[in-house]
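Engineer: Here it is: the structure, laid out below.
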Amino acid sequence: MGDHSTAVGPPPDERPPARGSSPPGGGRTGPRLPSDGGFWRSPLRGPWLTALLGVVLLVGITVVFVTGLLSYAAYNPDLAPANDQTPERGLLGFYLFAWPTDPHWLYRLTQGLHVTVGVVLVPVLLAKLWSVVPKLFTLPPARSAAHALERVSLLLLVGGVLFEFVTGLLNVQLDYLFPGSFYPLHFYGAWVFAAAFAVHVALRLPKAVRVLRAGAPNDLASGRRKRSAAAAREPDRETGLVAPEPAGPTLSRRGALGVVGGGSVLLLGVTAGQNVDGPLRRTALLAPHGGTEPGSGANAFQINKTAGAVGVTADETGDGWRLTVEGADGRKRRFSRAQLLDMPQHTAALPIACVEGWSTSDQHWSGVRLRDLAELAGYDPREALPGVFVSSLQRSGAFRQAALRDNQVRDPRSLLALRVGGEDLSLDHGYPARVIVPAAPGVHNTKWVSQLSFGANR
């Protein structure tokens, strides 16, 4: 799939003049520039391959964008400042809605799709960028107002998609090499990319459909590898993608699509297992922490944030720990862990699903229902229960506090969990107590809980 190669192509007298280059025997004798048509020599480039890759990306990126919007809604960012990592979103939050608690695996599904589809699309994206790279060097930059609009949208599209994919992949691996917080960077970048993507689709989709309807090039339709670049050429259809001086073919279009598809299948195999149960978890090599599950016994399921990493010590979670429960009237009650264990205990089978795309299977949690704690805070369970603001012993870092909606408090599966799988929580899993809520992002299942403030909006 190379370009400016020295492979032998058609004889010089059979080659048409290169766009933007001097004719045979004329002026230029130095090396060609990327703006010269003859610089790009791969015989694989053409409107059909670009159109096919573009349609695949259209479907895949739409899934990634929609599930990304759903992920943002799941954080309930309009509920409290602690939930909102993008305070200047303005009209970009027009679609936000109260995130539901049913089905309990909802966030596991949407965020798993968001990350997995995004990773699987990487080979397709790289192939699409390779297929159109000559267009980025076309001179003059703009021939008309419509062409200028297309070029600007193309630059925003390429820059936006690279930024979104790179920051997303780094976030999956918990490698924050970029300046600033991931959340606002990824959020605002997504909207810039989406605007350019919409313009690009409006301008190019009709042409792509016409190209695909015209049928595949001969070398792909027949399944036979052509012996000459001239035989493999397809009509340009005024796209400027077909090399005017193609090199000899080293790979058929069928082979090129096989390489791209094989890369996507490989990435699916090393990614999807982090969000499904069973043997595939062992193949999830791209999962954070290499897909390992720390600890032993009932606590042997994945975590992102350890107690040591955020400065939570065994001393402050020991016998002196107390949970403060605050009501709307300012009344506060304090409970030891032993007192919480003496209260009616309830169980719920819920997963932990994280923004990085990994999730656990349903874990069997037990503890005190949030609605029962709201009643202890002075609220009548027969009336509308309020939301709750949750504070952690964690002193620094994102999401050490979180606000939960009233529907999340009312759900009988929402617990202040004290045990999992019949065992006490481990320190890394939130001992002495953590929140667990159906369909909530993992960071809102706050660990090392120190205070529950019902009816508060901070």
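By order of appearance in the structure tokens: chains A, B, ..., then residues from 1 within every chain, and ligands from 1 in the order shown.
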DSSP on the backbone, helix (DSSP H, G or I) only: what residues of segment 134-375 of chain A does that give? Format it as a ChimeraX atom specification.
Structural biologist: /A:134-137,145-172,182-213,218-222,229-232,253-269,272-275,279-283,288-291,297-299,307-310,337-342,370-375
Engineer: Compile the contact shell of Tyr75 of chain A as number ranges by chain: residues with an atom at most 9 Å away, counting only C-alpha atoms, same-chain residues fewer than 6 positions apart removed.
Structural biologist: A: 83-84, 99, 440-441, 443-444
Engineer: As an exercise, work out the distance from atom CA of Asn457 of chain A to atom CA of Thr86 of chain A in Å and give it to one decimal place.
Structural biologist: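 Atom CA of Thr86 of chain A lies 17.1 Å from atom CA of Asn457 of chain A.
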Engineer: Give the answer as one residue: which of A:Pro43, A:Gly367, A:Pro123, A:Gly168 has the shortest atom-to-atom distance to Tyr431 of chain A, using only C-alpha atoms?
Structural biologist: A:Gly367
Engineer: Skipping near chain neighbours, those fewer than 2 positions away, what residues fall within 10 Å of segment 357-359 of chain A using only C-alpha atoms, listed as a ChimeraX atom specification?
Structural biologist: /A:105,107-116,171-172,271-277,281,284,286-288,291,301-304,351-355,361-362,441-442
Engineer: Okay, now the selection with N, CA, C and O atoms, as a short mmCIF file (atom, residue, chain, number, x, y, z; two decimals), in the first residue's frame?
Structural biologist:
data_model
loop_
_atom_site.label_atom_id
_atom_site.label_comp_id
_atom_site.auth_asym_id
_atom_site.auth_seq_id
_atom_site.Cartn_x
_atom_site.Cartn_y
_atom_site.Cartn_z
N TRP A 105 -27.86 -3.00 33.63
CA TRP A 105 -26.64 -3.14 32.84
C TRP A 105 -26.54 -2.07 31.76
O TRP A 105 -25.70 -2.17 30.85
N TYR A 107 -25.44 1.14 31.53
CA TYR A 107 -24.16 1.83 31.32
C TYR A 107 -23.08 0.84 30.89
O TYR A 107 -22.19 1.18 30.10
N ARG A 108 -23.16 -0.36 31.38
CA ARG A 108 -22.21 -1.39 30.96
C ARG A 108 -22.29 -1.61 29.45
O ARG A 108 -21.27 -1.76 28.77
N LEU A 109 -23.52 -1.60 28.92
CA LEU A 109 -23.71 -1.80 27.48
C LEU A 109 -23.25 -0.58 26.69
O LEU A 109 -22.46 -0.71 25.74
N THR A 110 -23.74 0.60 27.04
CA THR A 110 -23.45 1.78 26.23
C THR A 110 -21.97 2.14 26.24
O THR A 110 -21.39 2.44 25.20
N GLN A 111 -21.34 2.10 27.41
CA GLN A 111 -19.93 2.47 27.46
C GLN A 111 -19.04 1.37 26.91
O GLN A 111 -17.99 1.66 26.32
N GLY A 112 -19.46 0.12 27.06
CA GLY A 112 -18.71 -0.96 26.44
C GLY A 112 -18.72 -0.83 24.93
O GLY A 112 -17.69 -1.04 24.27
N LEU A 113 -19.87 -0.49 24.35
CA LEU A 113 -19.95 -0.25 22.91
C LEU A 113 -19.09 0.94 22.51
O LEU A 113 -18.40 0.91 21.49
N HIS A 114 -19.15 2.01 23.29
CA HIS A 114 -18.41 3.22 22.97
C HIS A 114 -16.92 2.93 22.83
O HIS A 114 -16.29 3.32 21.83
N VAL A 115 -16.36 2.24 23.79
CA VAL A 115 -14.92 1.98 23.78
C VAL A 115 -14.57 0.88 22.78
O VAL A 115 -13.62 1.03 21.99
N THR A 116 -15.31 -0.20 22.77
CA THR A 116 -14.98 -1.32 21.91
C THR A 116 -15.09 -0.95 20.43
O THR A 116 -14.18 -1.23 19.64
N ASN A 171 -7.07 7.43 27.51
CA ASN A 171 -7.92 7.33 28.70
C ASN A 171 -8.22 5.87 29.03
O ASN A 171 -8.25 5.49 30.21
N VAL A 172 -8.44 5.06 28.01
CA VAL A 172 -8.69 3.63 28.24
C VAL A 172 -7.54 3.01 29.00
O VAL A 172 -7.72 2.14 29.87
N THR A 271 -9.92 -6.52 23.11
CA THR A 271 -10.63 -5.43 23.78
C THR A 271 -11.97 -5.86 24.35
O THR A 271 -12.30 -5.55 25.49
N ALA A 272 -12.77 -6.57 23.56
CA ALA A 272 -14.16 -6.86 23.94
C ALA A 272 -14.26 -7.64 25.24
O ALA A 272 -15.24 -7.47 25.99
N GLY A 273 -13.27 -8.48 25.54
CA GLY A 273 -13.35 -9.32 26.73
C GLY A 273 -13.41 -8.56 28.03
O GLY A 273 -13.86 -9.09 29.04
N GLN A 274 -12.97 -7.26 28.03
CA GLN A 274 -13.00 -6.50 29.27
C GLN A 274 -14.43 -6.11 29.66
O GLN A 274 -14.65 -5.61 30.75
N ASN A 275 -15.39 -6.37 28.77
CA ASN A 275 -16.77 -5.97 29.05
C ASN A 275 -17.75 -7.13 28.98
O ASN A 275 -18.95 -6.93 29.04
N VAL A 276 -17.24 -8.35 28.84
CA VAL A 276 -18.11 -9.52 28.81
C VAL A 276 -17.57 -10.56 29.79
O VAL A 276 -16.40 -10.53 30.17
N ASP A 277 -18.41 -11.46 30.17
CA ASP A 277 -18.01 -12.51 31.09
C ASP A 277 -17.45 -13.71 30.33
O ASP A 277 -17.67 -13.88 29.14
N ARG A 281 -12.30 -12.69 28.87
CA ARG A 281 -11.63 -11.74 29.78
C ARG A 281 -10.12 -11.94 29.77
O ARG A 281 -9.37 -11.00 29.95
N ALA A 284 -8.37 -9.90 26.98
CA ALA A 284 -8.53 -8.44 26.98
C ALA A 284 -7.22 -7.76 27.35
O ALA A 284 -7.09 -7.13 28.40
N LEU A 286 -5.87 -5.15 26.14
CA LEU A 286 -5.90 -3.69 26.12
C LEU A 286 -6.69 -3.10 27.28
O LEU A 286 -6.81 -1.88 27.38
N ALA A 287 -7.23 -3.94 28.15
CA ALA A 287 -7.95 -3.44 29.31
C ALA A 287 -6.98 -2.74 30.26
O ALA A 287 -5.80 -3.08 30.31
N PRO A 288 -7.45 -1.73 31.02
CA PRO A 288 -6.57 -1.11 32.02
C PRO A 288 -5.98 -2.16 32.95
O PRO A 288 -6.65 -3.15 33.30
N GLY A 291 -6.01 -6.15 32.30
CA GLY A 291 -7.13 -7.05 32.52
C GLY A 291 -7.02 -7.87 33.79
O GLY A 291 -7.76 -8.82 33.99
N PHE A 301 -12.20 -8.86 41.79
CA PHE A 301 -12.68 -8.29 40.53
C PHE A 301 -12.05 -6.91 40.37
O PHE A 301 -11.57 -6.32 41.32
N GLN A 302 -12.06 -6.45 39.15
CA GLN A 302 -11.21 -5.33 38.77
C GLN A 302 -11.54 -4.02 39.49
O GLN A 302 -12.67 -3.75 39.85
N ILE A 303 -10.50 -3.22 39.66
CA ILE A 303 -10.62 -1.88 40.21
C ILE A 303 -9.80 -0.92 39.35
O ILE A 303 -8.94 -1.34 38.59
N ASN A 304 -10.09 0.34 39.45
CA ASN A 304 -9.25 1.38 38.83
C ASN A 304 -8.44 2.12 39.88
O ASN A 304 -7.28 2.44 39.67
N PRO A 351 -23.29 -4.87 38.39
CA PRO A 351 -21.90 -4.79 37.92
C PRO A 351 -21.28 -3.45 38.29
O PRO A 351 -21.96 -2.53 38.74
N ILE A 352 -19.98 -3.36 38.12
CA ILE A 352 -19.27 -2.08 38.11
C ILE A 352 -18.88 -1.84 36.65
O ILE A 352 -18.23 -2.68 36.03
N ALA A 353 -19.29 -0.72 36.09
CA ALA A 353 -18.99 -0.38 34.70
C ALA A 353 -18.29 0.97 34.67
O ALA A 353 -18.81 1.95 35.20
N CYS A 354 -17.11 1.01 34.05
CA CYS A 354 -16.28 2.21 34.11
C CYS A 354 -16.20 2.89 32.76
O CYS A 354 -16.41 2.29 31.71
N VAL A 355 -15.84 4.17 32.79
CA VAL A 355 -15.76 4.97 31.57
C VAL A 355 -14.70 4.45 30.62
O VAL A 355 -14.78 4.67 29.41
N SER A 361 -18.66 -8.59 35.97
CA SER A 361 -19.93 -9.29 35.97
C SER A 361 -20.75 -8.82 37.17
O SER A 361 -20.27 -8.04 38.00
N ASP A 362 -22.00 -9.26 37.26
CA ASP A 362 -22.83 -8.88 38.40
C ASP A 362 -22.21 -9.42 39.69
O ASP A 362 -22.02 -10.63 39.84
N PRO A 441 -22.39 5.08 36.27
CA PRO A 441 -20.95 4.96 35.97
C PRO A 441 -20.17 4.56 37.21
O PRO A 441 -20.54 4.92 38.34
N GLY A 442 -19.08 3.85 37.01
CA GLY A 442 -18.31 3.35 38.14
C GLY A 442 -17.88 4.42 39.12
O GLY A 442 -17.89 4.20 40.33
#
Engineer: For Asp342 of chain A, which residue among A:Leu418, A:Asp78, A:Arg32, A:Ser391 is the nearest when counting only C-alpha atoms?
Structural biologist: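 When distances to Asp342 of chain A are compared using only C-alpha atoms, the smallest one comes from A:Leu418.
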Engineer: So which residues touch Ala194 of chain A within 9 Å, counting only C-alpha atoms, skipping near sequence neighbours fewer than 6 positions away, as a list of chain:residue names?
Structural biologist: A:Phe65, A:Leu157, A:Gly160, A:Val161
Engineer: Calculated over only C-alpha atoms, which of the candidates A:Arg382, A:His186, A:Arg204, A:His147 has the smallest distance to Phe165 of chain A?
Structural biologist: A:His186
Engineer: As a ChimeraX atom specification, please: the residues near Asp424 of chain A (cut-off 12 Å, only C-alpha atoms, same-chain neighbours under 5 positions excluded).
Structural biologist: /A:297-299,337,341,364-367,417-419,429-434
Engineer: Output all heavy atoms for every residue in that selection, as a compact mmCIF listing (two decimals), in the first residue's frame.
Structural biologist:
# COMPACT_ATOMS: atom_id res chain seq x y z
N GLY A 297 -10.69 -14.35 46.49
CA GLY A 297 -12.01 -14.56 47.03
C GLY A 297 -13.05 -13.66 46.38
O GLY A 297 -12.96 -13.33 45.19
N ALA A 298 -14.03 -13.23 47.16
CA ALA A 298 -15.14 -12.44 46.61
C ALA A 298 -14.70 -11.08 46.12
O ALA A 298 -15.39 -10.45 45.31
CB ALA A 298 -16.24 -12.29 47.67
N ASN A 299 -13.58 -10.56 46.60
CA ASN A 299 -13.09 -9.24 46.19
C ASN A 299 -12.19 -9.28 44.96
O ASN A 299 -11.61 -8.27 44.59
CB ASN A 299 -12.34 -8.58 47.34
CG ASN A 299 -13.27 -8.02 48.41
OD1 ASN A 299 -13.77 -6.92 48.28
ND2 ASN A 299 -13.51 -8.80 49.45
N ARG A 337 -19.69 1.19 61.70
CA ARG A 337 -19.94 0.10 60.76
C ARG A 337 -20.74 -1.02 61.43
O ARG A 337 -21.61 -1.64 60.80
CB ARG A 337 -18.61 -0.45 60.22
CG ARG A 337 -18.78 -1.36 59.01
CD ARG A 337 -17.43 -1.68 58.37
NE ARG A 337 -17.62 -2.34 57.09
CZ ARG A 337 -17.84 -3.64 56.92
NH1 ARG A 337 -17.87 -4.46 57.98
NH2 ARG A 337 -18.00 -4.16 55.72
N LEU A 341 -24.27 -2.64 60.17
CA LEU A 341 -24.47 -4.07 59.97
C LEU A 341 -25.65 -4.60 60.78
O LEU A 341 -26.25 -5.62 60.42
CB LEU A 341 -23.20 -4.83 60.35
CG LEU A 341 -22.03 -4.73 59.35
CD1 LEU A 341 -20.76 -5.28 59.97
CD2 LEU A 341 -22.37 -5.48 58.06
N HIS A 364 -22.50 -9.70 43.89
CA HIS A 364 -23.59 -9.78 44.87
C HIS A 364 -23.22 -8.94 46.10
O HIS A 364 -22.44 -9.35 46.94
CB HIS A 364 -23.87 -11.24 45.24
CG HIS A 364 -24.44 -12.03 44.11
ND1 HIS A 364 -25.78 -12.11 43.85
CD2 HIS A 364 -23.81 -12.74 43.12
CE1 HIS A 364 -25.99 -12.85 42.77
NE2 HIS A 364 -24.80 -13.24 42.31
N TRP A 365 -23.81 -7.74 46.12
CA TRP A 365 -23.53 -6.77 47.18
C TRP A 365 -24.58 -6.89 48.28
O TRP A 365 -25.73 -7.23 48.03
CB TRP A 365 -23.58 -5.36 46.62
CG TRP A 365 -22.77 -5.13 45.38
CD1 TRP A 365 -23.18 -5.31 44.09
CD2 TRP A 365 -21.41 -4.70 45.32
NE1 TRP A 365 -22.17 -5.01 43.22
CE2 TRP A 365 -21.06 -4.64 43.94
CE3 TRP A 365 -20.45 -4.37 46.28
CZ2 TRP A 365 -19.80 -4.24 43.51
CZ3 TRP A 365 -19.20 -3.98 45.84
CH2 TRP A 365 -18.88 -3.92 44.48
N SER A 366 -24.18 -6.56 49.49
CA SER A 366 -25.16 -6.50 50.59
C SER A 366 -24.83 -5.29 51.46
O SER A 366 -23.67 -4.90 51.62
CB SER A 366 -25.13 -7.78 51.43
OG SER A 366 -23.86 -7.97 52.02
N GLY A 367 -25.90 -4.69 52.00
CA GLY A 367 -25.73 -3.51 52.83
C GLY A 367 -27.07 -2.86 53.11
O GLY A 367 -28.13 -3.51 53.03
N ALA A 417 -23.16 -0.30 50.35
CA ALA A 417 -22.70 -1.68 50.44
C ALA A 417 -21.62 -1.83 51.49
O ALA A 417 -20.69 -1.01 51.59
CB ALA A 417 -22.18 -2.15 49.08
N LEU A 418 -21.72 -2.89 52.29
CA LEU A 418 -20.76 -3.21 53.33
C LEU A 418 -20.00 -4.50 53.02
O LEU A 418 -18.87 -4.69 53.50
CB LEU A 418 -21.47 -3.35 54.67
CG LEU A 418 -22.33 -2.15 55.10
CD1 LEU A 418 -23.15 -2.51 56.35
CD2 LEU A 418 -21.45 -0.94 55.36
N ARG A 419 -20.62 -5.34 52.21
CA ARG A 419 -20.03 -6.63 51.89
C ARG A 419 -20.26 -6.94 50.41
O ARG A 419 -21.16 -6.39 49.79
CB ARG A 419 -20.62 -7.74 52.77
CG ARG A 419 -20.68 -7.42 54.25
CD ARG A 419 -21.11 -8.62 55.07
NE ARG A 419 -19.98 -9.50 55.33
CZ ARG A 419 -20.09 -10.80 55.62
NH1 ARG A 419 -21.29 -11.35 55.67
NH2 ARG A 419 -19.04 -11.53 55.86
N HIS A 429 -11.64 -1.99 47.51
CA HIS A 429 -13.01 -1.97 46.98
C HIS A 429 -13.94 -1.08 47.81
O HIS A 429 -15.15 -1.11 47.60
CB HIS A 429 -13.59 -3.39 46.87
CG HIS A 429 -13.18 -4.10 45.62
ND1 HIS A 429 -13.48 -3.61 44.36
CD2 HIS A 429 -12.48 -5.25 45.41
CE1 HIS A 429 -13.00 -4.43 43.44
NE2 HIS A 429 -12.38 -5.43 44.06
N GLY A 430 -13.39 -0.30 48.73
CA GLY A 430 -14.19 0.72 49.38
C GLY A 430 -14.48 0.53 50.85
O GLY A 430 -15.30 1.27 51.40
N TYR A 431 -13.86 -0.46 51.50
CA TYR A 431 -14.09 -0.66 52.93
C TYR A 431 -13.82 0.65 53.68
O TYR A 431 -12.88 1.37 53.35
CB TYR A 431 -13.15 -1.75 53.46
CG TYR A 431 -13.35 -2.08 54.92
CD1 TYR A 431 -14.25 -3.05 55.31
CD2 TYR A 431 -12.64 -1.38 55.90
CE1 TYR A 431 -14.42 -3.34 56.66
CE2 TYR A 431 -12.82 -1.66 57.24
CZ TYR A 431 -13.72 -2.64 57.62
OH TYR A 431 -13.92 -2.91 58.96
N PRO A 432 -14.68 1.01 54.60
CA PRO A 432 -15.72 0.21 55.26
C PRO A 432 -17.09 0.23 54.58
O PRO A 432 -17.94 -0.59 54.89
CB PRO A 432 -15.81 0.86 56.64
CG PRO A 432 -15.41 2.27 56.40
CD PRO A 432 -14.38 2.26 55.32
N ALA A 433 -17.34 1.18 53.65
CA ALA A 433 -18.64 1.24 52.99
C ALA A 433 -18.50 1.98 51.66
O ALA A 433 -17.72 2.93 51.55
CB ALA A 433 -19.67 1.95 53.88
N ARG A 434 -19.26 1.53 50.69
CA ARG A 434 -19.28 2.18 49.39
C ARG A 434 -20.70 2.21 48.86
O ARG A 434 -21.57 1.44 49.30
CB ARG A 434 -18.40 1.45 48.39
CG ARG A 434 -18.93 0.10 47.97
CD ARG A 434 -18.11 -0.51 46.84
NE ARG A 434 -18.17 0.29 45.62
CZ ARG A 434 -17.31 0.15 44.62
NH1 ARG A 434 -16.33 -0.73 44.68
NH2 ARG A 434 -17.42 0.89 43.55
Engineer: Determine the nearest neighbour of Pro87 of chain A from the options A:Leu404, A:Leu185, A:Ala195, A:Leu53, counting only C-alpha atoms.
Structural biologist: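 Of the candidates, the smallest distance to Pro87 of chain A is held by A:Leu185.
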